[in-house]
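J.: Pasting a structure below so you can have a look.
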Amino acid sequence: MKTGNTVATRRVADKIAENKTFALQVTLAMQMYKKGNWGKISDADKEMNDQNAKSGTGSLMGAYMTCEGKIWIMTEHDRSVTTILFPDEY
């Protein structure tokens, strides 16, 4: 699945740099995301993601639990960039 450039917010990047467990969990979450495992989101959102992934249009979003709390992974509708962030940064 095309996800464009991957970026992280400053807080996520700082936590990745200081916490190896978190860094591994983010890497694993990104791998699941790219395979269409959307994590802890509603069934309706999973269905919309599946449709958008299949068509190559529309945004994508996944939610994953880590040792630092929940992270979101969000891909823009044009697949140009995917952002990793904490929910309160949205």
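By convention here, the chains of the structure tokens are called A, B, ... in the order presented, each chain's residues are numbered starting at 1, and ligands are numbered starting at 1 in the order presented.
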Write out as a ChimeraX atom specification each polymer residue whose atoms come within 12 Å of stretch 27-37 of chain A, counting only C-alpha atoms; drop sequence neighbours fewer than 4 positions from it.
T.: /A:1-4,6-8,16,20-23,41,43,45-54,60-66,70-75,82-85
J.: Write out, as a short mmCIF file (atom, residue, chain, number, x, y, z; two decimals), in the first residue's frame, the residues just selected, with C-alpha atoms.
T.:
```cif
data_model
loop_
_atom_site.label_atom_id
_atom_site.label_comp_id
_atom_site.auth_asym_id
_atom_site.auth_seq_id
_atom_site.Cartn_x
_atom_site.Cartn_y
_atom_site.Cartn_z
CA MET A 1 0.00 0.00 0.00
CA LYS A 2 1.30 3.44 -0.92
CA THR A 3 1.68 5.68 2.13
CA GLY A 4 4.01 8.42 0.87
CA THR A 6 6.43 8.94 6.77
CA VAL A 7 6.80 11.71 9.33
CA ALA A 8 6.26 11.96 13.07
CA ILE A 16 11.25 7.31 19.76
CA LYS A 20 13.71 1.88 22.48
CA THR A 21 10.60 -0.10 23.40
CA PHE A 22 8.37 2.67 22.08
CA ALA A 23 10.49 2.91 18.92
CA ILE A 41 -10.67 1.64 15.48
CA ASP A 43 -15.65 -1.48 12.47
CA ASP A 45 -13.73 3.07 10.18
CA LYS A 46 -12.02 -0.23 9.32
CA GLU A 47 -14.49 -0.75 6.48
CA MET A 48 -13.90 2.78 5.17
CA ASN A 49 -10.12 2.28 5.38
CA ASP A 50 -10.41 -1.02 3.48
CA GLN A 51 -12.43 0.68 0.72
CA ASN A 52 -10.05 3.65 0.55
CA ALA A 53 -6.98 1.38 0.51
CA LYS A 54 -8.47 -0.70 -2.29
CA LEU A 60 -6.47 6.23 6.03
CA MET A 61 -6.19 6.08 9.82
CA GLY A 62 -5.04 3.52 12.37
CA ALA A 63 -4.83 3.55 16.16
CA TYR A 64 -2.38 1.46 18.19
CA MET A 65 -1.57 1.09 21.88
CA THR A 66 2.06 1.54 22.95
CA LYS A 70 -2.16 5.42 22.02
CA ILE A 71 -0.67 6.57 18.73
CA TRP A 72 -2.48 7.39 15.54
CA ILE A 73 -1.09 6.77 12.07
CA MET A 74 -2.78 8.87 9.40
CA THR A 75 -2.25 8.92 5.63
CA THR A 82 1.73 9.50 6.55
CA THR A 83 1.96 11.08 10.00
CA ILE A 84 2.52 9.32 13.32
CA LEU A 85 1.11 11.30 16.22
#
```
J.: Among chain A, which residues does DSSP mark as alpha helix (DSSP H) when it is run on the backbone? Keep the chain and numbering as in the structure and answer as number ranges by chain.
T.: A: 10-18, 20-34, 43-55
J.: Which of chain A counts as strand (DSSP E) under DSSP, as a list of chain:residue names please?
T.: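 Written out, the strand (DSSP E) residues of chain A are A:Asn5, A:Thr6, A:Val7, A:Ala8, A:Leu60, A:Met61, A:Gly62, A:Ala63, A:Tyr64, A:Met65, A:Thr66, A:Gly69, A:Lys70, A:Ile71, A:Trp72, A:Ile73, A:Met74, A:Thr75, A:Val81, A:Thr82, A:Thr83, A:Ile84, A:Leu85.
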J.: Suppose you want the space between atom CA of A:Lys40 and atom CA of A:Pro87; what is it in Å?
T.: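 The value is 12.7 Å.
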